[in-house]
Amino acid sequence: MAAKAGSAFSRFIASTRELFAEEKDLDQRWQRLAPLLRELLADPQVREHSKNWPECAHKERAENLLFYEDPDFGFVVNGLTKAPHTRTQIHDHAHNWTLYGVLDGTETIERYQRLDDGSKPDYVEIRGVSKLRAGPGEVDLVRPWEIHAEASGEERTVAIIVRAEKAGGFLQGRYDPVNKKYWQGYGPIQIPFKAE
Ligand SMILES: [Fe+2]
């Protein structure tokens, strides 16, 4: 991220590193990361700068802006822009813990539950369990294998995402509830970008 000394980003990286060093319980670690991410999302300069972040493509594989990868703990910080009326596929992040924070605009976050036992190849039954509107400063913890989708609405949205490890190099689940189809694909393409 090429964080400047004293910037909101550099403070966020420093406090996240402290947390990762101290908290070994994964659920606790990721819950405790939420207020740190909220602090970053509240920074007016970060929001202002994000207006110039490039538009991420949302195809079979989405694009993520890659701001930072931690050399010791492996966590990454991504940016994600969505043009108006963009909806992700229904997907999971495999084993990867994720904290998803809305920086600008309002997104709809859908959560799903799997109903079948997964024994039939390429087959899945899911049902929607929640649909939340998340505005600037709101944070969603996506635990391993949790099934979800996000959508922008009338306006462009921007998110800052913290992941336990860099996505894109391993397979993640994809879900088509209409045709009851399950398949796997590689996660987001990582586009190195300076966040500030
Ligand atoms: Fe996701």
# chains A, B, ... in the order shown; residues from 1 in each chain; ligands from 1

call {"tool": "residues_near_ligand", "arguments": {"ligand": "ligand 1", "cutoff": "10 Å", "atoms": "only C-alpha atoms and all ligand atoms", "output": "PyMOL selection string"}}
result
chain A and resi 62+88-94+98-100+109+142+146-150+161+172+187-188

call {"tool": "write_last_selection", "arguments": {"atoms": "C-alpha atoms", "output": "CSV table (one decimal), in the first residue's frame"}}
result
chain,number,residue,atom,x,y,z
A,62,ALA,CA,-13.8,-10.4,-10.4
A,88,THR,CA,-21.6,-10.6,-7.7
A,89,GLN,CA,-22.3,-14.3,-8.3
A,90,ILE,CA,-23.3,-16.2,-5.2
A,91,HIS,CA,-20.1,-17.6,-3.9
A,92,ASP,CA,-17.9,-18.6,-0.9
A,93,HIS,CA,-14.3,-17.8,-0.1
A,94,ALA,CA,-13.3,-21.4,0.7
A,98,THR,CA,-12.7,-12.1,5.2
A,99,LEU,CA,-13.8,-8.8,6.6
A,100,TYR,CA,-15.8,-6.8,4.1
A,109,ILE,CA,-25.4,-8.1,1.2
A,142,VAL,CA,-17.5,-13.6,6.2
A,146,GLU,CA,-20.1,-18.9,4.2
A,147,ILE,CA,-22.2,-18.4,1.1
A,148,HIS,CA,-23.0,-14.8,0.0
A,149,ALA,CA,-23.4,-12.2,-2.7
A,150,GLU,CA,-23.1,-8.4,-2.8
A,161,ILE,CA,-11.7,-6.0,2.2
A,172,GLN,CA,-13.8,-21.1,-4.3
A,187,GLY,CA,-11.1,-16.2,-6.8
A,188,PRO,CA,-10.5,-12.6,-7.7

call {"tool": "residues_around", "arguments": {"residues": "region 101-104 of chain A", "least_positions_apart": "5", "cutoff": "8 Å", "atoms": "only C-alpha atoms", "output": "list of chain:residue names"}}
result
A:Leu37, A:Arg38, A:Leu41, A:Ala42, A:Arg47, A:Ala134, A:Gly135, A:Pro136, A:Gly137, A:Glu138, A:Val139, A:Asp140, A:Arg156, A:Thr157, A:Val158, A:Ala159, A:Ile160, A:Ile161

call {"tool": "residues_around", "arguments": {"residues": "region 117-126 of chain A", "least_positions_apart": "2", "cutoff": "8 Å", "atoms": "only C-alpha atoms", "output": "MDAnalysis selection string"}}
result
chainID A and resid 112:115 128 175:177 180:183

call {"tool": "select_by_dssp", "arguments": {"residues": "chain A", "states": "strand (DSSP E or B)", "output": "MDAnalysis selection string"}}
result
chainID A and resid 58 62:69 76:82 87 90:91 98:104 107:114 123 126:134 139:142 147:151 157:163 171:176 181:186 189:192

call {"tool": "write_last_selection", "arguments": {"atoms": "C-alpha atoms", "output": "PDB file, in the first residue's frame"}}
result
ATOM      1  CA  HIS A  58     -17.022  -8.324 -12.447  1.00  0.00           C
ATOM      2  CA  ALA A  62     -13.845 -10.440 -10.446  1.00  0.00           C
ATOM      3  CA  GLU A  63     -10.949  -8.029 -10.130  1.00  0.00           C
ATOM      4  CA  ASN A  64      -9.717  -6.777  -6.747  1.00  0.00           C
ATOM      5  CA  LEU A  65      -7.292  -3.930  -6.202  1.00  0.00           C
ATOM      6  CA  LEU A  66      -4.383  -5.250  -4.162  1.00  0.00           C
ATOM      7  CA  PHE A  67      -3.198  -2.583  -1.739  1.00  0.00           C
ATOM      8  CA  TYR A  68      -1.109  -4.563   0.711  1.00  0.00           C
ATOM      9  CA  GLU A  69       0.095  -8.061   1.561  1.00  0.00           C
ATOM     10  CA  VAL A  76      -4.053  -8.735   2.491  1.00  0.00           C
ATOM     11  CA  VAL A  77      -6.001  -5.527   2.053  1.00  0.00           C
ATOM     12  CA  ASN A  78      -8.043  -5.240  -1.132  1.00  0.00           C
ATOM     13  CA  GLY A  79     -10.178  -2.548  -2.686  1.00  0.00           C
ATOM     14  CA  LEU A  80     -13.292  -3.355  -4.675  1.00  0.00           C
ATOM     15  CA  THR A  81     -15.313  -0.944  -6.760  1.00  0.00           C
ATOM     16  CA  LYS A  82     -18.701  -1.777  -8.210  1.00  0.00           C
ATOM     17  CA  ARG A  87     -24.194  -7.963  -8.491  1.00  0.00           C
ATOM     18  CA  ILE A  90     -23.347 -16.221  -5.211  1.00  0.00           C
ATOM     19  CA  HIS A  91     -20.078 -17.598  -3.883  1.00  0.00           C
ATOM     20  CA  THR A  98     -12.727 -12.138   5.157  1.00  0.00           C
ATOM     21  CA  LEU A  99     -13.781  -8.819   6.628  1.00  0.00           C
ATOM     22  CA  TYR A 100     -15.772  -6.786   4.121  1.00  0.00           C
ATOM     23  CA  GLY A 101     -16.153  -3.063   4.806  1.00  0.00           C
ATOM     24  CA  VAL A 102     -18.251  -0.622   2.814  1.00  0.00           C
ATOM     25  CA  LEU A 103     -16.374   2.644   2.221  1.00  0.00           C
ATOM     26  CA  ASP A 104     -18.697   4.483  -0.147  1.00  0.00           C
ATOM     27  CA  GLU A 107     -24.526  -2.321  -0.898  1.00  0.00           C
ATOM     28  CA  THR A 108     -26.991  -5.129  -0.444  1.00  0.00           C
ATOM     29  CA  ILE A 109     -25.392  -8.141   1.224  1.00  0.00           C
ATOM     30  CA  GLU A 110     -27.196 -11.439   0.718  1.00  0.00           C
ATOM     31  CA  ARG A 111     -26.481 -14.521   2.815  1.00  0.00           C
ATOM     32  CA  TYR A 112     -27.424 -18.095   1.927  1.00  0.00           C
ATOM     33  CA  GLN A 113     -27.620 -21.433   3.658  1.00  0.00           C
ATOM     34  CA  ARG A 114     -26.861 -24.768   1.996  1.00  0.00           C
ATOM     35  CA  TYR A 123     -25.380 -30.069  -7.304  1.00  0.00           C
ATOM     36  CA  ILE A 126     -29.417 -23.096  -1.163  1.00  0.00           C
ATOM     37  CA  ARG A 127     -31.888 -20.677   0.296  1.00  0.00           C
ATOM     38  CA  GLY A 128     -31.514 -17.006   1.155  1.00  0.00           C
ATOM     39  CA  VAL A 129     -31.381 -16.339   4.888  1.00  0.00           C
ATOM     40  CA  SER A 130     -30.750 -12.601   5.036  1.00  0.00           C
ATOM     41  CA  LYS A 131     -30.532  -9.515   2.897  1.00  0.00           C
ATOM     42  CA  LEU A 132     -28.926  -6.483   4.520  1.00  0.00           C
ATOM     43  CA  ARG A 133     -28.354  -2.955   3.309  1.00  0.00           C
ATOM     44  CA  ALA A 134     -24.840  -1.884   4.307  1.00  0.00           C
ATOM     45  CA  VAL A 139     -18.482  -4.184   8.168  1.00  0.00           C
ATOM     46  CA  ASP A 140     -19.475  -7.779   7.372  1.00  0.00           C
ATOM     47  CA  LEU A 141     -17.476 -10.732   8.688  1.00  0.00           C
ATOM     48  CA  VAL A 142     -17.457 -13.592   6.156  1.00  0.00           C
ATOM     49  CA  ILE A 147     -22.236 -18.380   1.069  1.00  0.00           C
ATOM     50  CA  HIS A 148     -23.045 -14.831   0.016  1.00  0.00           C
ATOM     51  CA  ALA A 149     -23.384 -12.206  -2.711  1.00  0.00           C
ATOM     52  CA  GLU A 150     -23.119  -8.436  -2.759  1.00  0.00           C
ATOM     53  CA  ALA A 151     -24.755  -5.906  -5.017  1.00  0.00           C
ATOM     54  CA  THR A 157     -19.938   1.473  -4.374  1.00  0.00           C
ATOM     55  CA  VAL A 158     -16.476   0.983  -2.922  1.00  0.00           C
ATOM     56  CA  ALA A 159     -15.367  -1.606  -0.376  1.00  0.00           C
ATOM     57  CA  ILE A 160     -12.165  -2.260   1.541  1.00  0.00           C
ATOM     58  CA  ILE A 161     -11.664  -5.961   2.177  1.00  0.00           C
ATOM     59  CA  VAL A 162      -9.253  -7.659   4.553  1.00  0.00           C
ATOM     60  CA  ARG A 163      -8.524 -11.316   3.803  1.00  0.00           C
ATOM     61  CA  LEU A 171     -10.634 -22.606  -5.806  1.00  0.00           C
ATOM     62  CA  GLN A 172     -13.775 -21.115  -4.274  1.00  0.00           C
ATOM     63  CA  GLY A 173     -17.379 -22.281  -4.507  1.00  0.00           C
ATOM     64  CA  ARG A 174     -19.959 -20.787  -6.864  1.00  0.00           C
ATOM     65  CA  TYR A 175     -23.679 -21.338  -6.626  1.00  0.00           C
ATOM     66  CA  ASP A 176     -26.576 -21.109  -9.066  1.00  0.00           C
ATOM     67  CA  LYS A 181     -25.670 -25.951  -9.820  1.00  0.00           C
ATOM     68  CA  TYR A 182     -22.422 -25.868  -7.822  1.00  0.00           C
ATOM     69  CA  TRP A 183     -18.989 -25.373  -9.312  1.00  0.00           C
ATOM     70  CA  GLN A 184     -15.616 -24.009  -8.324  1.00  0.00           C
ATOM     71  CA  GLY A 185     -13.470 -21.311  -9.787  1.00  0.00           C
ATOM     72  CA  TYR A 186     -10.426 -19.295  -8.849  1.00  0.00           C
ATOM     73  CA  ILE A 189      -7.713 -11.456  -9.966  1.00  0.00           C
ATOM     74  CA  GLN A 190      -5.355  -9.263  -7.950  1.00  0.00           C
ATOM     75  CA  ILE A 191      -4.460  -5.902  -9.470  1.00  0.00           C
ATOM     76  CA  PRO A 192      -1.642  -4.172  -7.561  1.00  0.00           C
TER      77      PRO A 192
END

call {"tool": "atom_distance", "arguments": {"atom1": "CA of Asp70 (chain A)", "atom2": "CA of Phe20 (chain A)"}}
result
10.8 Å

call {"tool": "select_by_dssp", "arguments": {"residues": "region 31-74 of chain A", "states": "alpha helix (DSSP H)", "output": "VMD selection string"}}
result
chain A and resid 31 to 41 44 to 50

call {"tool": "closest_residue", "arguments": {"among": "A:Glu196, A:Glu18, A:Glu155, A:Glu23", "to": "Gly105 (chain A)", "atoms": "only C-alpha atoms"}}
result
A:Glu155

call {"tool": "closest_residue", "arguments": {"among": "A:Pro35, A:Gly6, A:Pro54, A:Pro84", "to": "Glu154 (chain A)", "atoms": "only C-alpha atoms"}}
result
A:Pro84

call {"tool": "closest_residue", "arguments": {"among": "A:Trp53, A:Val178, A:Leu36, A:Pro144", "to": "Leu19 (chain A)", "atoms": "only C-alpha atoms"}}
result
A:Leu36

call {"tool": "atom_distance", "arguments": {"atom1": "CA of Lys166 (chain A)", "atom2": "CA of Trp97 (chain A)"}}
result
10.5 Å

call {"tool": "decode", "arguments": {"residues": "region 26-111 of chain A", "atoms": "C-alpha atoms", "output": "PDB file, in the first residue's frame"}}
result
ATOM      1  CA  LEU A  26      -9.337 -16.906  14.682  1.00  0.00           C
ATOM      2  CA  ASP A  27     -12.948 -16.016  15.425  1.00  0.00           C
ATOM      3  CA  GLN A  28     -11.852 -13.563  18.123  1.00  0.00           C
ATOM      4  CA  ARG A  29      -9.133 -12.141  15.889  1.00  0.00           C
ATOM      5  CA  TRP A  30     -11.528 -11.416  13.044  1.00  0.00           C
ATOM      6  CA  GLN A  31     -14.214  -9.993  15.310  1.00  0.00           C
ATOM      7  CA  ARG A  32     -11.671  -7.717  16.933  1.00  0.00           C
ATOM      8  CA  LEU A  33     -10.499  -6.539  13.518  1.00  0.00           C
ATOM      9  CA  ALA A  34     -13.939  -5.043  12.772  1.00  0.00           C
ATOM     10  CA  PRO A  35     -13.522  -1.836  14.850  1.00  0.00           C
ATOM     11  CA  LEU A  36     -10.057  -1.286  13.346  1.00  0.00           C
ATOM     12  CA  LEU A  37     -11.475  -1.533   9.836  1.00  0.00           C
ATOM     13  CA  ARG A  38     -14.345   0.801  10.807  1.00  0.00           C
ATOM     14  CA  GLU A  39     -11.776   3.390  11.846  1.00  0.00           C
ATOM     15  CA  LEU A  40     -10.120   3.159   8.424  1.00  0.00           C
ATOM     16  CA  LEU A  41     -13.501   3.414   6.671  1.00  0.00           C
ATOM     17  CA  ALA A  42     -14.274   6.584   8.668  1.00  0.00           C
ATOM     18  CA  ASP A  43     -11.218   8.411   7.327  1.00  0.00           C
ATOM     19  CA  PRO A  44     -12.424  11.180   4.978  1.00  0.00           C
ATOM     20  CA  GLN A  45      -9.196  11.163   2.935  1.00  0.00           C
ATOM     21  CA  VAL A  46      -9.502   7.456   2.212  1.00  0.00           C
ATOM     22  CA  ARG A  47     -13.074   7.940   1.017  1.00  0.00           C
ATOM     23  CA  GLU A  48     -12.085  10.946  -1.094  1.00  0.00           C
ATOM     24  CA  HIS A  49      -9.185   9.066  -2.676  1.00  0.00           C
ATOM     25  CA  SER A  50     -11.388   6.072  -3.457  1.00  0.00           C
ATOM     26  CA  LYS A  51     -13.375   8.172  -5.915  1.00  0.00           C
ATOM     27  CA  ASN A  52     -10.350   7.742  -8.211  1.00  0.00           C
ATOM     28  CA  TRP A  53      -9.875   4.017  -7.715  1.00  0.00           C
ATOM     29  CA  PRO A  54     -10.323   2.199 -11.045  1.00  0.00           C
ATOM     30  CA  GLU A  55     -13.474   0.274 -11.840  1.00  0.00           C
ATOM     31  CA  CYS A  56     -13.086  -3.433 -11.083  1.00  0.00           C
ATOM     32  CA  ALA A  57     -14.402  -5.860 -13.684  1.00  0.00           C
ATOM     33  CA  HIS A  58     -17.022  -8.324 -12.447  1.00  0.00           C
ATOM     34  CA  LYS A  59     -16.862 -11.347 -14.731  1.00  0.00           C
ATOM     35  CA  GLU A  60     -16.499 -15.074 -14.008  1.00  0.00           C
ATOM     36  CA  ARG A  61     -13.524 -13.898 -11.964  1.00  0.00           C
ATOM     37  CA  ALA A  62     -13.845 -10.440 -10.446  1.00  0.00           C
ATOM     38  CA  GLU A  63     -10.949  -8.029 -10.130  1.00  0.00           C
ATOM     39  CA  ASN A  64      -9.717  -6.777  -6.747  1.00  0.00           C
ATOM     40  CA  LEU A  65      -7.292  -3.930  -6.202  1.00  0.00           C
ATOM     41  CA  LEU A  66      -4.383  -5.250  -4.162  1.00  0.00           C
ATOM     42  CA  PHE A  67      -3.198  -2.583  -1.739  1.00  0.00           C
ATOM     43  CA  TYR A  68      -1.109  -4.563   0.711  1.00  0.00           C
ATOM     44  CA  GLU A  69       0.095  -8.061   1.561  1.00  0.00           C
ATOM     45  CA  ASP A  70       1.623  -8.576   4.978  1.00  0.00           C
ATOM     46  CA  PRO A  71       5.059 -10.225   4.837  1.00  0.00           C
ATOM     47  CA  ASP A  72       4.710 -11.902   8.238  1.00  0.00           C
ATOM     48  CA  PHE A  73       1.032 -12.689   8.803  1.00  0.00           C
ATOM     49  CA  GLY A  74      -0.051 -13.067   5.179  1.00  0.00           C
ATOM     50  CA  PHE A  75      -3.210 -10.976   5.431  1.00  0.00           C
ATOM     51  CA  VAL A  76      -4.053  -8.735   2.491  1.00  0.00           C
ATOM     52  CA  VAL A  77      -6.001  -5.527   2.053  1.00  0.00           C
ATOM     53  CA  ASN A  78      -8.043  -5.240  -1.132  1.00  0.00           C
ATOM     54  CA  GLY A  79     -10.178  -2.548  -2.686  1.00  0.00           C
ATOM     55  CA  LEU A  80     -13.292  -3.355  -4.675  1.00  0.00           C
ATOM     56  CA  THR A  81     -15.313  -0.944  -6.760  1.00  0.00           C
ATOM     57  CA  LYS A  82     -18.701  -1.777  -8.210  1.00  0.00           C
ATOM     58  CA  ALA A  83     -20.377   0.219 -10.947  1.00  0.00           C
ATOM     59  CA  PRO A  84     -24.104   0.880 -10.415  1.00  0.00           C
ATOM     60  CA  HIS A  85     -26.292  -2.239 -10.789  1.00  0.00           C
ATOM     61  CA  THR A  86     -23.435  -4.725 -10.301  1.00  0.00           C
ATOM     62  CA  ARG A  87     -24.194  -7.963  -8.491  1.00  0.00           C
ATOM     63  CA  THR A  88     -21.605 -10.618  -7.683  1.00  0.00           C
ATOM     64  CA  GLN A  89     -22.266 -14.284  -8.262  1.00  0.00           C
ATOM     65  CA  ILE A  90     -23.347 -16.221  -5.211  1.00  0.00           C
ATOM     66  CA  HIS A  91     -20.078 -17.598  -3.883  1.00  0.00           C
ATOM     67  CA  ASP A  92     -17.943 -18.571  -0.906  1.00  0.00           C
ATOM     68  CA  HIS A  93     -14.318 -17.760  -0.121  1.00  0.00           C
ATOM     69  CA  ALA A  94     -13.312 -21.373   0.696  1.00  0.00           C
ATOM     70  CA  HIS A  95     -11.123 -21.453   3.845  1.00  0.00           C
ATOM     71  CA  ASN A  96     -10.252 -17.751   3.699  1.00  0.00           C
ATOM     72  CA  TRP A  97     -11.483 -15.463   6.494  1.00  0.00           C
ATOM     73  CA  THR A  98     -12.727 -12.138   5.157  1.00  0.00           C
ATOM     74  CA  LEU A  99     -13.781  -8.819   6.628  1.00  0.00           C
ATOM     75  CA  TYR A 100     -15.772  -6.786   4.121  1.00  0.00           C
ATOM     76  CA  GLY A 101     -16.153  -3.063   4.806  1.00  0.00           C
ATOM     77  CA  VAL A 102     -18.251  -0.622   2.814  1.00  0.00           C
ATOM     78  CA  LEU A 103     -16.374   2.644   2.221  1.00  0.00           C
ATOM     79  CA  ASP A 104     -18.697   4.483  -0.147  1.00  0.00           C
ATOM     80  CA  GLY A 105     -22.228   3.936  -1.431  1.00  0.00           C
ATOM     81  CA  THR A 106     -24.682   1.379  -0.111  1.00  0.00           C
ATOM     82  CA  GLU A 107     -24.526  -2.321  -0.898  1.00  0.00           C
ATOM     83  CA  THR A 108     -26.991  -5.129  -0.444  1.00  0.00           C
ATOM     84  CA  ILE A 109     -25.392  -8.141   1.224  1.00  0.00           C
ATOM     85  CA  GLU A 110     -27.196 -11.439   0.718  1.00  0.00           C
ATOM     86  CA  ARG A 111     -26.481 -14.521   2.815  1.00  0.00           C
TER      87      ARG A 111
END
